[in-house]
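Structure data follow from my_file01.cif (mmCIF, C-alpha atoms):
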data_start
#
loop_
_atom_site.label_atom_id
_atom_site.label_comp_id
_atom_site.auth_asym_id
_atom_site.auth_seq_id
_atom_site.Cartn_x
_atom_site.Cartn_y
_atom_site.Cartn_z
CA MET F 1 3.60 -39.40 20.28
CA GLU F 2 2.33 -35.86 20.01
CA LYS F 3 4.83 -34.46 22.51
CA SER F 4 8.09 -35.24 20.72
CA ASP F 5 6.49 -34.26 17.43
CA VAL F 6 5.94 -30.68 18.51
CA LYS F 7 8.74 -28.43 19.69
CA ILE F 8 9.40 -24.76 20.21
CA LEU F 9 12.88 -23.30 20.13
CA GLY F 10 12.71 -20.14 22.17
CA MET F 11 13.41 -17.98 25.16
CA ARG F 12 10.75 -17.77 27.82
CA PRO F 13 10.73 -13.96 28.18
CA SER F 14 10.12 -13.48 24.44
CA PRO F 15 6.55 -12.39 23.71
CA PHE F 16 6.90 -13.86 20.22
CA VAL F 17 7.77 -17.25 21.69
CA ASN F 18 4.94 -16.95 24.22
CA ARG F 19 2.48 -16.48 21.35
CA VAL F 20 3.25 -19.96 20.10
CA GLN F 21 2.84 -21.37 23.58
CA TYR F 22 -0.55 -19.69 24.01
CA ALA F 23 -1.73 -21.09 20.69
CA LEU F 24 -0.65 -24.62 21.56
CA ASN F 25 -2.19 -24.36 25.03
CA LEU F 26 -5.49 -23.23 23.51
CA LYS F 27 -5.47 -26.33 21.34
CA SER F 28 -4.31 -28.52 24.27
CA ILE F 29 -1.24 -29.68 22.37
CA ASP F 30 1.73 -30.84 24.39
CA TYR F 31 5.11 -29.62 23.25
CA GLU F 32 8.76 -29.72 24.10
CA PHE F 33 10.43 -26.41 24.90
CA LEU F 34 13.99 -26.10 23.70
CA GLU F 35 15.62 -23.26 25.57
CA GLU F 36 17.72 -20.84 23.56
CA LYS F 37 20.08 -19.08 25.93
CA PHE F 38 21.18 -15.46 25.88
CA GLY F 39 24.55 -15.02 24.26
CA PRO F 40 25.89 -16.56 21.05
CA LYS F 41 23.12 -18.10 18.96
CA SER F 42 22.91 -21.89 19.03
CA GLU F 43 23.69 -24.11 16.04
CA LEU F 44 20.09 -25.26 16.07
CA LEU F 45 18.81 -21.69 15.77
CA LEU F 46 21.21 -20.77 13.00
CA GLN F 47 20.36 -23.90 11.07
CA SER F 48 16.61 -23.83 11.56
CA ASN F 49 16.15 -20.10 10.98
CA PRO F 50 19.07 -19.05 8.81
CA ILE F 51 17.17 -16.11 7.32
CA HIS F 52 16.24 -14.22 10.47
CA LYS F 53 18.25 -16.12 13.11
CA LYS F 54 15.52 -15.43 15.66
CA VAL F 55 13.20 -17.24 18.01
CA PRO F 56 10.60 -18.66 17.97
CA VAL F 57 11.23 -21.58 15.65
CA PHE F 58 8.47 -24.16 15.57
CA PHE F 59 9.02 -27.81 14.76
CA HIS F 60 6.12 -30.09 13.88
CA ALA F 61 7.07 -33.51 12.50
CA ASP F 62 9.31 -32.66 9.51
CA ASN F 63 8.12 -29.07 9.30
CA THR F 64 10.08 -26.06 10.53
CA ILE F 65 8.23 -22.76 10.69
CA CYS F 66 9.43 -19.29 11.64
CA GLU F 67 7.74 -15.96 12.41
CA SER F 68 5.40 -16.07 15.40
CA LEU F 69 2.14 -15.01 13.75
CA ILE F 70 2.74 -17.35 10.82
CA ILE F 71 3.30 -20.15 13.33
CA VAL F 72 0.06 -19.27 15.16
CA GLN F 73 -1.87 -19.45 11.88
CA TYR F 74 -0.22 -22.76 11.07
CA ILE F 75 -1.23 -24.17 14.46
CA ASP F 76 -4.80 -22.99 13.86
CA GLU F 77 -4.89 -24.66 10.45
CA VAL F 78 -3.35 -27.96 11.52
CA TRP F 79 -5.21 -28.61 14.76
CA THR F 80 -8.76 -27.94 13.68
CA SER F 81 -10.49 -29.89 16.43
CA GLY F 82 -9.52 -27.37 19.12
CA PRO F 83 -11.05 -23.88 19.53
CA SER F 84 -10.43 -21.61 16.54
CA ILE F 85 -7.78 -18.97 16.92
CA LEU F 86 -8.66 -16.88 13.89
CA PRO F 87 -12.28 -15.76 13.59
CA SER F 88 -14.39 -17.54 11.01
CA ASP F 89 -15.76 -14.46 9.25
CA PRO F 90 -13.38 -13.13 6.54
CA TYR F 91 -13.85 -9.51 7.57
CA ASP F 92 -13.24 -10.26 11.25
CA ARG F 93 -10.12 -12.18 10.19
CA ALA F 94 -8.90 -9.17 8.21
CA ILE F 95 -9.42 -6.84 11.16
CA ALA F 96 -7.58 -9.22 13.49
CA ARG F 97 -4.69 -9.53 11.02
CA PHE F 98 -4.57 -5.77 10.51
CA TRP F 99 -4.25 -4.99 14.20
CA ALA F 100 -1.81 -7.83 14.86
CA ALA F 101 0.44 -6.43 12.14
CA TYR F 102 0.01 -2.96 13.66
CA VAL F 103 1.12 -4.28 17.05
CA ASP F 104 4.23 -5.81 15.50
CA ASP F 105 5.16 -3.09 13.04
CA LYS F 106 4.21 0.10 14.86
CA TRP F 107 3.29 -0.37 18.48
CA TYR F 108 5.52 -2.94 20.13
CA PRO F 109 8.81 -1.48 18.79
CA SER F 110 7.99 1.71 20.74
CA ILE F 111 7.85 -0.29 23.98
CA LYS F 112 11.41 -1.40 23.42
CA GLU F 113 12.42 2.15 22.51
CA ILE F 114 11.16 3.43 25.87
CA ARG F 115 13.33 0.87 27.62
CA ILE F 116 16.50 1.79 25.75
CA ALA F 117 15.90 5.51 25.31
CA GLU F 118 18.69 7.82 26.30
CA GLY F 119 17.39 11.06 27.72
CA GLU F 120 13.95 12.22 28.79
CA GLU F 121 12.98 13.75 25.47
CA GLU F 122 13.55 10.56 23.51
CA LYS F 123 11.76 8.55 26.19
CA SER F 124 8.84 10.97 26.10
CA THR F 125 8.45 10.66 22.35
CA HIS F 126 8.19 6.88 22.51
CA ILE F 127 5.85 6.99 25.51
CA GLY F 128 3.63 9.25 23.46
CA LYS F 129 3.60 6.74 20.61
CA VAL F 130 2.74 3.84 22.90
CA VAL F 131 -0.11 5.75 24.54
CA GLU F 132 -1.44 6.88 21.16
CA GLY F 133 -1.33 3.29 19.96
CA LEU F 134 -3.18 2.08 23.04
CA ALA F 135 -5.99 4.53 22.27
CA LEU F 136 -6.28 3.00 18.80
CA LEU F 137 -6.21 -0.50 20.23
CA GLU F 138 -8.95 0.46 22.69
CA GLY F 139 -11.09 1.29 19.66
CA ALA F 140 -10.10 -1.97 18.05
CA PHE F 141 -11.12 -3.86 21.17
CA ILE F 142 -14.58 -2.29 21.16
CA GLU F 143 -14.99 -3.18 17.48
CA CYS F 144 -13.64 -6.73 17.69
CA SER F 145 -15.00 -7.90 21.04
CA LYS F 146 -18.59 -6.88 20.23
CA GLY F 147 -19.27 -6.57 23.94
CA LYS F 148 -17.52 -9.79 24.92
CA SER F 149 -14.44 -10.44 27.05
CA PHE F 150 -11.71 -10.73 24.45
CA PHE F 151 -10.78 -9.44 20.98
CA GLY F 152 -11.71 -12.94 19.85
CA GLY F 153 -15.09 -12.84 21.62
CA ASP F 154 -15.78 -15.34 24.39
CA SER F 155 -12.31 -16.79 24.26
CA ILE F 156 -8.89 -15.59 23.29
CA GLY F 157 -8.05 -15.45 19.62
CA TYR F 158 -5.41 -14.28 17.20
CA LEU F 159 -5.35 -10.63 18.17
CA ASP F 160 -5.55 -11.40 21.89
CA ILE F 161 -2.45 -13.58 21.43
CA ALA F 162 -0.60 -11.03 19.27
CA PHE F 163 -1.27 -8.07 21.55
CA GLY F 164 -1.60 -9.88 24.88
CA SER F 165 1.84 -11.44 24.56
CA CYS F 166 3.28 -7.92 24.78
CA LEU F 167 1.65 -7.18 28.15
CA GLY F 168 4.52 -8.68 30.12
CA TRP F 169 7.05 -6.26 28.68
CA LEU F 170 4.54 -3.43 28.86
CA LYS F 171 4.24 -3.84 32.64
CA ALA F 172 8.00 -4.20 33.03
CA VAL F 173 8.67 -1.05 31.03
CA GLU F 174 6.12 0.82 33.16
CA LYS F 175 8.31 -0.05 36.16
CA ILE F 176 11.64 0.61 34.45
CA ALA F 177 10.60 3.98 33.04
CA ASN F 178 8.35 4.85 35.96
CA VAL F 179 5.41 5.65 33.73
CA LYS F 180 1.80 4.50 33.52
CA LEU F 181 1.11 3.29 30.00
CA LEU F 182 -2.04 1.19 30.38
CA ASP F 183 -4.31 3.64 32.14
CA GLU F 184 -7.84 2.85 33.27
CA ALA F 185 -8.82 6.47 32.81
CA LYS F 186 -7.79 6.42 29.15
CA THR F 187 -8.29 2.83 28.00
CA PRO F 188 -10.69 1.17 30.45
CA CYS F 189 -11.63 -1.69 28.13
CA LEU F 190 -8.00 -2.65 27.58
CA VAL F 191 -7.28 -2.62 31.30
CA GLY F 192 -10.10 -5.08 31.92
CA TRP F 193 -9.07 -7.19 28.94
CA ALA F 194 -5.43 -7.27 30.08
CA GLU F 195 -6.41 -8.69 33.45
CA ARG F 196 -8.60 -11.33 31.85
CA PHE F 197 -5.94 -12.23 29.30
CA CYS F 198 -3.16 -12.63 31.86
CA SER F 199 -5.31 -14.85 34.06
CA HIS F 200 -6.56 -17.03 31.20
CA ASP F 201 -5.70 -20.72 31.53
CA ALA F 202 -3.71 -20.77 28.31
CA VAL F 203 -1.66 -17.78 29.43
CA LYS F 204 -1.15 -17.67 33.18
CA ASP F 205 1.51 -20.35 33.48
CA VAL F 206 3.42 -19.11 30.46
CA MET F 207 3.64 -15.36 30.82
CA PRO F 208 6.73 -14.63 32.90
CA LYS F 209 6.47 -12.48 36.02
CA THR F 210 7.47 -8.83 35.86
CA GLU F 211 10.59 -9.64 37.91
CA THR F 212 11.82 -11.92 35.12
CA PHE F 213 11.51 -9.14 32.57
CA LEU F 214 13.33 -6.73 34.88
CA GLU F 215 16.19 -9.24 35.15
CA VAL F 216 16.27 -9.65 31.38
CA ALA F 217 16.27 -5.88 30.91
CA LYS F 218 19.37 -5.71 33.08
CA ILE F 219 21.10 -8.42 31.03
CA LEU F 220 20.24 -6.64 27.77
CA LYS F 221 21.44 -3.32 29.13
CA ALA F 222 24.77 -4.82 30.19
CA LYS F 223 25.12 -6.56 26.84
CA TYR F 224 24.74 -3.35 24.88
CA ARG F 225 26.76 -1.10 27.10
CA PRO F 226 29.75 0.18 25.09
CA MET C 1 -27.22 -8.45 -2.06
CA ALA C 2 -25.27 -7.02 -5.01
CA GLU C 3 -21.57 -7.07 -4.31
CA GLU C 4 -19.83 -3.76 -4.19
CA VAL C 5 -16.08 -3.82 -4.37
CA LYS C 6 -13.97 -0.68 -4.53
CA LEU C 7 -10.23 -0.28 -4.64
CA PHE C 8 -8.55 2.94 -3.58
CA ARG C 9 -5.20 3.16 -5.31
CA THR C 10 -2.71 5.35 -7.11
CA TRP C 11 -1.62 4.70 -10.69
CA SER C 12 1.82 3.59 -9.56
CA SER C 13 1.48 2.10 -6.09
CA PRO C 14 3.06 -1.33 -6.25
CA PHE C 15 1.12 -2.42 -3.19
CA ALA C 16 -2.16 -1.51 -4.86
CA LEU C 17 -1.06 -3.43 -7.94
CA ARG C 18 -1.00 -6.60 -5.85
CA ILE C 19 -4.69 -6.12 -5.18
CA VAL C 20 -5.50 -5.38 -8.83
CA TRP C 21 -3.86 -8.66 -9.82
CA ALA C 22 -5.61 -10.67 -7.10
CA LEU C 23 -9.04 -9.26 -7.97
CA LYS C 24 -8.53 -9.81 -11.69
CA LEU C 25 -7.19 -13.33 -11.21
CA LYS C 26 -10.33 -14.20 -9.32
CA GLY C 27 -12.53 -12.43 -11.84
CA ILE C 28 -13.97 -9.99 -9.31
CA GLN C 29 -15.67 -6.87 -10.65
CA TYR C 30 -14.61 -3.72 -8.85
CA GLU C 31 -14.53 0.04 -9.08
CA THR C 32 -11.23 1.90 -8.99
CA ILE C 33 -10.82 5.15 -7.13
CA PHE C 34 -7.55 6.85 -7.97
CA GLU C 35 -6.10 8.88 -5.13
CA ASP C 36 -3.80 11.86 -5.31
CA ILE C 37 -1.38 11.26 -2.45
CA SER C 38 -0.64 14.95 -2.11
CA ASN C 39 -4.34 15.59 -1.62
CA LYS C 40 -5.94 12.55 0.00
CA SER C 41 -9.69 12.24 -0.22
CA PRO C 42 -11.82 12.42 2.95
CA LEU C 43 -13.05 8.91 2.10
CA LEU C 44 -9.54 7.47 2.12
CA LEU C 45 -8.80 9.10 5.46
CA GLN C 46 -12.05 7.72 6.81
CA TYR C 47 -11.39 4.21 5.51
CA ASN C 48 -7.74 4.06 6.57
CA PRO C 49 -7.34 6.42 9.52
CA VAL C 50 -4.36 4.53 10.96
CA TYR C 51 -2.02 4.66 7.97
CA LYS C 52 -3.86 7.00 5.56
CA LYS C 53 -2.42 5.02 2.65
CA VAL C 54 -3.42 3.08 -0.41
CA PRO C 55 -4.41 0.42 -1.17
CA VAL C 56 -7.71 0.16 0.63
CA LEU C 57 -10.26 -2.41 -0.43
CA VAL C 58 -13.86 -1.60 0.44
CA HIS C 59 -16.23 -4.53 0.21
CA ASN C 60 -19.91 -3.71 0.73
CA GLY C 61 -18.91 -0.60 2.64
CA LYS C 62 -16.35 -2.31 4.88
CA PRO C 63 -12.72 -1.21 4.46
CA VAL C 64 -9.62 -3.42 4.62
CA SER C 65 -6.11 -1.92 4.62
CA GLU C 66 -2.54 -3.21 4.29
CA SER C 67 -1.91 -5.14 1.10
CA LEU C 68 -0.99 -8.52 2.58
CA VAL C 69 -4.04 -8.35 4.86
CA ILE C 70 -6.19 -7.45 1.85
CA LEU C 71 -4.78 -10.38 -0.14
CA GLU C 72 -5.70 -12.80 2.67
CA TYR C 73 -9.17 -11.22 2.85
CA ILE C 74 -9.68 -11.68 -0.88
CA GLU C 75 -8.51 -15.28 -0.55
CA ASP C 76 -10.90 -15.92 2.37
CA THR C 77 -13.86 -14.29 0.63
CA TRP C 78 -13.59 -15.48 -2.98
CA LYS C 79 -12.56 -19.11 -3.22
CA GLN C 80 -11.98 -19.39 -6.99
CA THR C 81 -8.40 -19.34 -8.32
CA PRO C 82 -6.76 -19.83 -4.94
CA LEU C 83 -3.65 -17.79 -4.22
CA LEU C 84 -2.55 -20.01 -1.37
CA PRO C 85 -2.05 -23.77 -1.37
CA GLU C 86 -4.23 -26.01 0.79
CA ASP C 87 -1.52 -27.62 2.86
CA PRO C 88 -0.89 -25.67 6.11
CA TYR C 89 2.89 -26.02 5.87
CA GLU C 90 2.96 -24.78 2.28
CA ARG C 91 0.69 -21.91 3.32
CA ALA C 92 3.06 -21.01 6.15
CA THR C 93 5.98 -21.10 3.72
CA ALA C 94 4.20 -18.81 1.26
CA ARG C 95 3.31 -16.37 4.04
CA PHE C 96 6.90 -16.43 5.28
CA TRP C 97 8.31 -15.45 1.89
CA ALA C 98 5.64 -12.82 1.24
CA LYS C 99 6.59 -11.24 4.58
CA PHE C 100 10.28 -11.57 3.74
CA VAL C 101 9.64 -9.58 0.56
CA ASP C 102 8.08 -6.74 2.56
CA ASP C 103 10.28 -6.79 5.66
CA LYS C 104 13.72 -7.50 4.20
CA LEU C 105 13.95 -7.74 0.43
CA MET C 106 12.16 -4.57 -0.61
CA PRO C 107 13.79 -2.30 1.98
CA SER C 108 17.26 -3.59 1.02
CA ILE C 109 16.65 -2.94 -2.69
CA TRP C 110 15.07 0.42 -1.91
CA HIS C 111 18.11 1.37 0.11
CA VAL C 112 20.34 0.76 -2.91
CA PHE C 113 17.98 2.83 -4.99
CA VAL C 114 17.95 5.92 -2.73
CA THR C 115 21.70 6.11 -2.10
CA GLN C 116 24.84 6.75 -4.05
CA GLY C 117 28.58 6.43 -3.75
CA LYS C 118 29.96 4.71 -0.68
CA GLU C 119 26.58 4.37 1.00
CA GLN C 120 25.19 2.65 -2.06
CA ASP C 121 28.24 0.38 -2.34
CA GLU C 122 27.64 -0.70 1.23
CA ALA C 123 23.93 -1.30 0.62
CA ILE C 124 24.39 -3.56 -2.40
CA PRO C 125 25.66 -6.76 -0.70
CA LEU C 126 22.55 -7.02 1.52
CA ALA C 127 20.23 -6.59 -1.47
CA ILE C 128 22.16 -9.26 -3.35
CA GLU C 129 22.06 -11.60 -0.36
CA ASN C 130 18.28 -11.19 -0.11
CA LEU C 131 17.86 -11.70 -3.84
CA ASN C 132 19.90 -14.91 -3.53
CA LEU C 133 17.59 -16.15 -0.81
CA ILE C 134 14.51 -15.59 -2.93
CA GLU C 135 16.21 -17.04 -6.04
CA GLU C 136 16.62 -20.31 -4.08
CA GLN C 137 12.86 -20.48 -3.66
CA LEU C 138 12.38 -20.74 -7.41
CA LYS C 139 14.41 -23.96 -7.80
CA GLY C 140 12.47 -26.36 -10.00
CA LYS C 141 9.52 -24.00 -10.28
CA LYS C 142 8.10 -21.68 -12.88
CA PHE C 143 6.51 -19.43 -10.27
CA PHE C 144 6.98 -19.31 -6.50
CA SER C 145 3.63 -21.09 -6.26
CA GLY C 146 4.45 -23.70 -8.89
CA GLU C 147 2.79 -23.77 -12.29
CA THR C 148 0.51 -20.80 -11.66
CA ILE C 149 1.00 -17.55 -9.75
CA GLY C 150 0.16 -17.28 -6.09
CA LEU C 151 0.71 -15.14 -3.03
CA VAL C 152 4.49 -14.78 -3.23
CA ASP C 153 4.45 -14.07 -6.97
CA ILE C 154 1.87 -11.37 -6.35
CA ALA C 155 3.80 -9.99 -3.38
CA PHE C 156 7.07 -9.82 -5.32
CA GLY C 157 5.57 -9.30 -8.76
CA TRP C 158 5.74 -5.57 -8.95
CA MET C 159 9.38 -5.51 -7.90
CA GLY C 160 10.07 -8.12 -10.51
CA ASN C 161 9.02 -5.64 -13.14
CA LEU C 162 9.91 -2.41 -11.38
CA ILE C 163 13.49 -3.60 -11.01
CA SER C 164 14.15 -2.63 -14.64
CA VAL C 165 12.93 0.90 -13.84
CA LEU C 166 15.18 1.14 -10.77
CA GLU C 167 18.12 -0.29 -12.72
CA MET C 168 17.60 2.28 -15.46
CA VAL C 169 17.38 5.16 -12.99
CA THR C 170 20.43 4.14 -10.95
CA GLY C 171 22.49 2.75 -13.82
CA LEU C 172 23.02 -0.39 -11.75
CA LYS C 173 22.22 -3.95 -12.77
CA LEU C 174 20.92 -5.75 -9.71
CA ILE C 175 19.23 -8.78 -11.25
CA ASP C 176 22.00 -10.03 -13.50
CA ALA C 177 20.86 -12.93 -15.73
CA GLU C 178 24.04 -14.84 -14.93
CA LYS C 179 23.81 -14.47 -11.17
CA PHE C 180 20.02 -14.82 -10.99
CA PRO C 181 18.91 -17.08 -13.86
CA LEU C 182 15.80 -18.26 -12.01
CA LEU C 183 14.64 -14.74 -11.13
CA GLN C 184 15.29 -13.67 -14.69
CA ALA C 185 13.16 -16.54 -16.02
CA TRP C 186 10.48 -15.83 -13.42
CA MET C 187 10.25 -12.17 -14.48
CA GLN C 188 9.81 -13.28 -18.08
CA ASN C 189 7.12 -15.81 -17.14
CA LEU C 190 5.38 -13.24 -14.97
CA SER C 191 5.22 -10.66 -17.71
CA ASP C 192 3.48 -13.25 -19.91
CA VAL C 193 0.62 -13.67 -17.42
CA GLN C 194 -2.47 -11.92 -18.80
CA VAL C 195 -3.54 -10.03 -15.67
CA ILE C 196 0.03 -8.90 -14.97
CA LYS C 197 0.87 -7.58 -18.40
CA GLU C 198 -2.52 -5.93 -18.89
CA ASN C 199 -2.24 -4.00 -15.65
CA TRP C 200 1.31 -2.76 -15.60
CA PRO C 201 1.69 1.03 -15.22
CA PRO C 202 3.35 2.72 -18.20
CA HIS C 203 7.11 2.17 -18.15
CA ASP C 204 8.12 5.72 -19.17
CA LYS C 205 5.87 7.26 -16.57
CA LEU C 206 7.42 4.97 -13.93
CA VAL C 207 10.93 5.94 -15.00
CA SER C 208 10.11 9.66 -14.67
CA LYS C 209 8.48 9.14 -11.32
CA PHE C 210 11.31 7.09 -9.83
CA GLN C 211 13.93 9.38 -11.30
CA ALA C 212 12.29 12.23 -9.41
CA ILE C 213 12.05 10.16 -6.20
CA ARG C 214 15.72 9.25 -6.35
CA GLU C 215 16.73 12.86 -6.95
CA THR C 216 14.71 13.99 -3.94
CA TYR C 217 16.32 11.39 -1.69
CA LEU C 218 19.82 12.21 -2.87
CA ALA C 219 19.21 15.90 -2.34
CA THR C 220 17.63 15.63 1.09
CA GLY C 221 19.23 12.43 2.39
CA ALA C 222 17.40 9.11 2.61
CA PRO C 223 15.33 8.82 5.80
CA LYS C 224 16.08 5.58 7.69
#
If you convert what's in this file into structure tokens, what do you get?
Amino acid sequence: MEKSDVKILGMRPSPFVNRVQYALNLKSIDYEFLEEKFGPKSELLLQSNPIHKKVPVFFHADNTICESLIIVQYIDEVWTSGPSILPSDPYDRAIARFWAAYVDDKWYPSIKEIRIAEGEEEKSTHIGKVVEGLALLEGAFIECSKGKSFFGGDSIGYLDIAFGSCLGWLKAVEKIANVKLLDEAKTPCLVGWAERFCSHDAVKDVMPKTETFLEVAKILKAKYRP
Amino acid sequence: MAEEVKLFRTWSSPFALRIVWALKLKGIQYETIFEDISNKSPLLLQYNPVYKKVPVLVHNGKPVSESLVILEYIEDTWKQTPLLPEDPYERATARFWAKFVDDKLMPSIWHVFVTQGKEQDEAIPLAIENLNLIEEQLKGKKFFSGETIGLVDIAFGWMGNLISVLEMVTGLKLIDAEKFPLLQAWMQNLSDVQVIKENWPPHDKLVSKFQAIRETYLATGAPK
């Protein structure tokens, strides 16, 4: 009865929602996906996440959990028989948590800012921030991967999920803004990692295609047009 | 190998205070390095190149930054006096509220603190709403973690005490005993905890400092 016990309330183009899906896929847990549509927020969303009113919301038996990275940690702690998502060493865990928080607090918001920027100067500023951040993350990759394929080592882990989930929007914004953000000349390790992440079994059927993001970008633009 | 634990902090940083409390609760010996924020040491910049801020915990030469990350590291490394419960759902709940403190609650209170007049009037309802949300979490409990302090108490602890400083400086009463009886009781209980009361920065010094901060913001306009 695992399937009905585990549900995600979300929107498929949300990287935060995708994170939860990647985590569950890694642990081979079946789940039900409850689609939250664009437009007015559903009763279920407002009731299950009254504080932030955002997706993803994760349901497991009687438990409701919000905030994507908190959900990922919960999944790791509940389903211990599957591969570990967080590293086992406390220092490695701290580094993974640090960079995941960096992605959420500092880096990813700039991706969105590029998309919605009005004027070249504003766009340029945010592009600069994203590129600067990628240079830092390249360094983080070298430190965390220790020569292996992913931030988590041989398989994808917490930081791969946190950062990798943003790759879909990154590629879409590259098209929308006509700019190269992930550049092999500047961040060769990340370019290789991105390809491996996107083709990973836990990821490839979940991460939406660039076309989907472009469609969503149009919807969002129309929504916010005065 | 002998353990070497160092904490880079300032005398007043509330985020650093979280780490002081966690280390003391677990009985961990450490060395304090006080930083002057206007003149940051080369070591601090080396240990925290991304944010260049305190607190930074250095354990056997390895630095950890960002207070909530440091708290989890301390919890993972030293198992005595746990700050988080064992149950995964309760852990997720504690993490949720600790993050709420940093992402929503603190900024909304800060916004009241650095504004005046109409802008302040407009900022107050959100702060009150957030305080209401956290008040709810104390129902039937002495501390957010139950009978003893844990992650959320530590995350919110400094604000619990600093609020009196901010109220004095602004002349505004945010945590009214009538409206927030549970928070009021929690603040009292918190200030009775040994490691909290022994490590609180001097009240008068805090008042002067925050008075000056508020004046700077009002003069130059609060950055968003």
Mind running chain C against chain F at 8 Å and telling me each contacting residue's nearest atom pair with the distance in Å (one decimal), counting all atoms listed in the file, chain and number ascending, as CSV?
residue,atom,partner,partner_atom,distance
C:Val64,CA,F:Ala94,CA,6.8
C:Ser65,CA,F:Phe98,CA,7.2
C:Glu66,CA,F:Phe98,CA,7.0
C:Val69,CA,F:Ala94,CA,6.0
C:Ile70,CA,F:Ala94,CA,7.1
C:Glu72,CA,F:Ala94,CA,7.4
C:Tyr73,CA,F:Ala94,CA,5.7
C:Asp76,CA,F:Pro90,CA,5.6
C:Thr77,CA,F:Pro90,CA,6.0
C:Pro88,CA,F:Tyr74,CA,5.8
C:Tyr89,CA,F:Tyr74,CA,6.9
C:Arg91,CA,F:Tyr74,CA,7.8
C:Ala92,CA,F:Ile70,CA,5.9
C:Thr93,CA,F:Ile65,CA,7.5
C:Arg95,CA,F:Ile70,CA,6.9
C:Phe96,CA,F:Ile70,CA,7.0
Edge lengths and centre in Å to one decimal, as AutoDock Vina command-line options, is what I'm after for the box along x, y and z that holds all listed atoms of segment 125-131 of chain C once 6 Å is added on each side.
--center_x 21.8 --center_y -9.1 --center_z -1.2 --size_x 19.8 --size_y 17.1 --size_z 17.4
Within 10 Å of Val57 of chain F using all atoms listed in the file, minus same-chain residues under 5 positions, as a list of chain:residue names: F:Lys7, F:Ile8, F:Leu9, F:Gly10, F:Phe16, F:Val17, F:Val20, F:Leu34, F:Leu44, F:Leu45, F:Ser48, F:Asn49, F:Thr64, F:Ile65, F:Cys66, F:Glu67, F:Ser68, F:Ile71
On this structure, which residues satisfy the PyMOL selection byres ((chain F and resi 154) around 12), written as an mmCIF file with C-alpha atoms, in the coordinates of the input?
data_model
loop_
_atom_site.group_PDB
_atom_site.id
_atom_site.type_symbol
_atom_site.label_atom_id
_atom_site.label_comp_id
_atom_site.auth_asym_id
_atom_site.auth_seq_id
_atom_site.Cartn_x
_atom_site.Cartn_y
_atom_site.Cartn_z
ATOM 1 C CA PRO F 83 -11.050 -23.880 19.530
ATOM 2 C CA SER F 84 -10.430 -21.610 16.540
ATOM 3 C CA ILE F 85 -7.780 -18.970 16.920
ATOM 4 C CA PRO F 87 -12.280 -15.760 13.590
ATOM 5 C CA CYS F 144 -13.640 -6.730 17.690
ATOM 6 C CA SER F 145 -15.000 -7.900 21.040
ATOM 7 C CA LYS F 146 -18.590 -6.880 20.230
ATOM 8 C CA GLY F 147 -19.270 -6.570 23.940
ATOM 9 C CA LYS F 148 -17.520 -9.790 24.920
ATOM 10 C CA SER F 149 -14.440 -10.440 27.050
ATOM 11 C CA PHE F 150 -11.710 -10.730 24.450
ATOM 12 C CA PHE F 151 -10.780 -9.440 20.980
ATOM 13 C CA GLY F 152 -11.710 -12.940 19.850
ATOM 14 C CA GLY F 153 -15.090 -12.840 21.620
ATOM 15 C CA SER F 155 -12.310 -16.790 24.260
ATOM 16 C CA ILE F 156 -8.890 -15.590 23.290
ATOM 17 C CA GLY F 157 -8.050 -15.450 19.620
ATOM 18 C CA ASP F 160 -5.550 -11.400 21.890
ATOM 19 C CA TRP F 193 -9.070 -7.190 28.940
ATOM 20 C CA ARG F 196 -8.600 -11.330 31.850
ATOM 21 C CA PHE F 197 -5.940 -12.230 29.300
ATOM 22 C CA HIS F 200 -6.560 -17.030 31.200
#
Expanded to explicit residues, what is the PyMOL selection byres ((chain F and resi 135) around 12) for this file, as a compact mmCIF listing (two decimals) with C-alpha atoms, keeping the file's coordinate frame?
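Output contents, as saved in part-v5.txt:
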# COMPACT_ATOMS: atom_id res chain seq x y z
CA TRP F 107 3.29 -0.37 18.48
CA GLY F 128 3.63 9.25 23.46
CA LYS F 129 3.60 6.74 20.61
CA VAL F 130 2.74 3.84 22.90
CA VAL F 131 -0.11 5.75 24.54
CA GLU F 132 -1.44 6.88 21.16
CA GLY F 133 -1.33 3.29 19.96
CA LEU F 134 -3.18 2.08 23.04
CA LEU F 136 -6.28 3.00 18.80
CA LEU F 137 -6.21 -0.50 20.23
CA GLU F 138 -8.95 0.46 22.69
CA GLY F 139 -11.09 1.29 19.66
CA ALA F 140 -10.10 -1.97 18.05
CA PHE F 141 -11.12 -3.86 21.17
CA ILE F 142 -14.58 -2.29 21.16
CA LEU F 181 1.11 3.29 30.00
CA LEU F 182 -2.04 1.19 30.38
CA ASP F 183 -4.31 3.64 32.14
CA GLU F 184 -7.84 2.85 33.27
CA ALA F 185 -8.82 6.47 32.81
CA LYS F 186 -7.79 6.42 29.15
CA THR F 187 -8.29 2.83 28.00
CA PRO F 188 -10.69 1.17 30.45
CA CYS F 189 -11.63 -1.69 28.13
CA LEU F 190 -8.00 -2.65 27.58
CA VAL F 191 -7.28 -2.62 31.30
CA VAL C 50 -4.36 4.53 10.96
Å distance separating atom CA of Leu86 of chain F from atom CA of Gly146 of chain C, one decimal place: 27.2 Å
Selection near Ser191 of chain C, 10 Å with all atoms listed in the file, sequence-local residues under 3 positions removed, as a ChimeraX atom specification: /C:157,160-161,186-188,194-198,200
Among the residues F:Val55, F:Ile127, F:Ile29, F:Val103, the one that comes closest to Ala162 of chain F [using all atoms listed in the file]: F:Val103
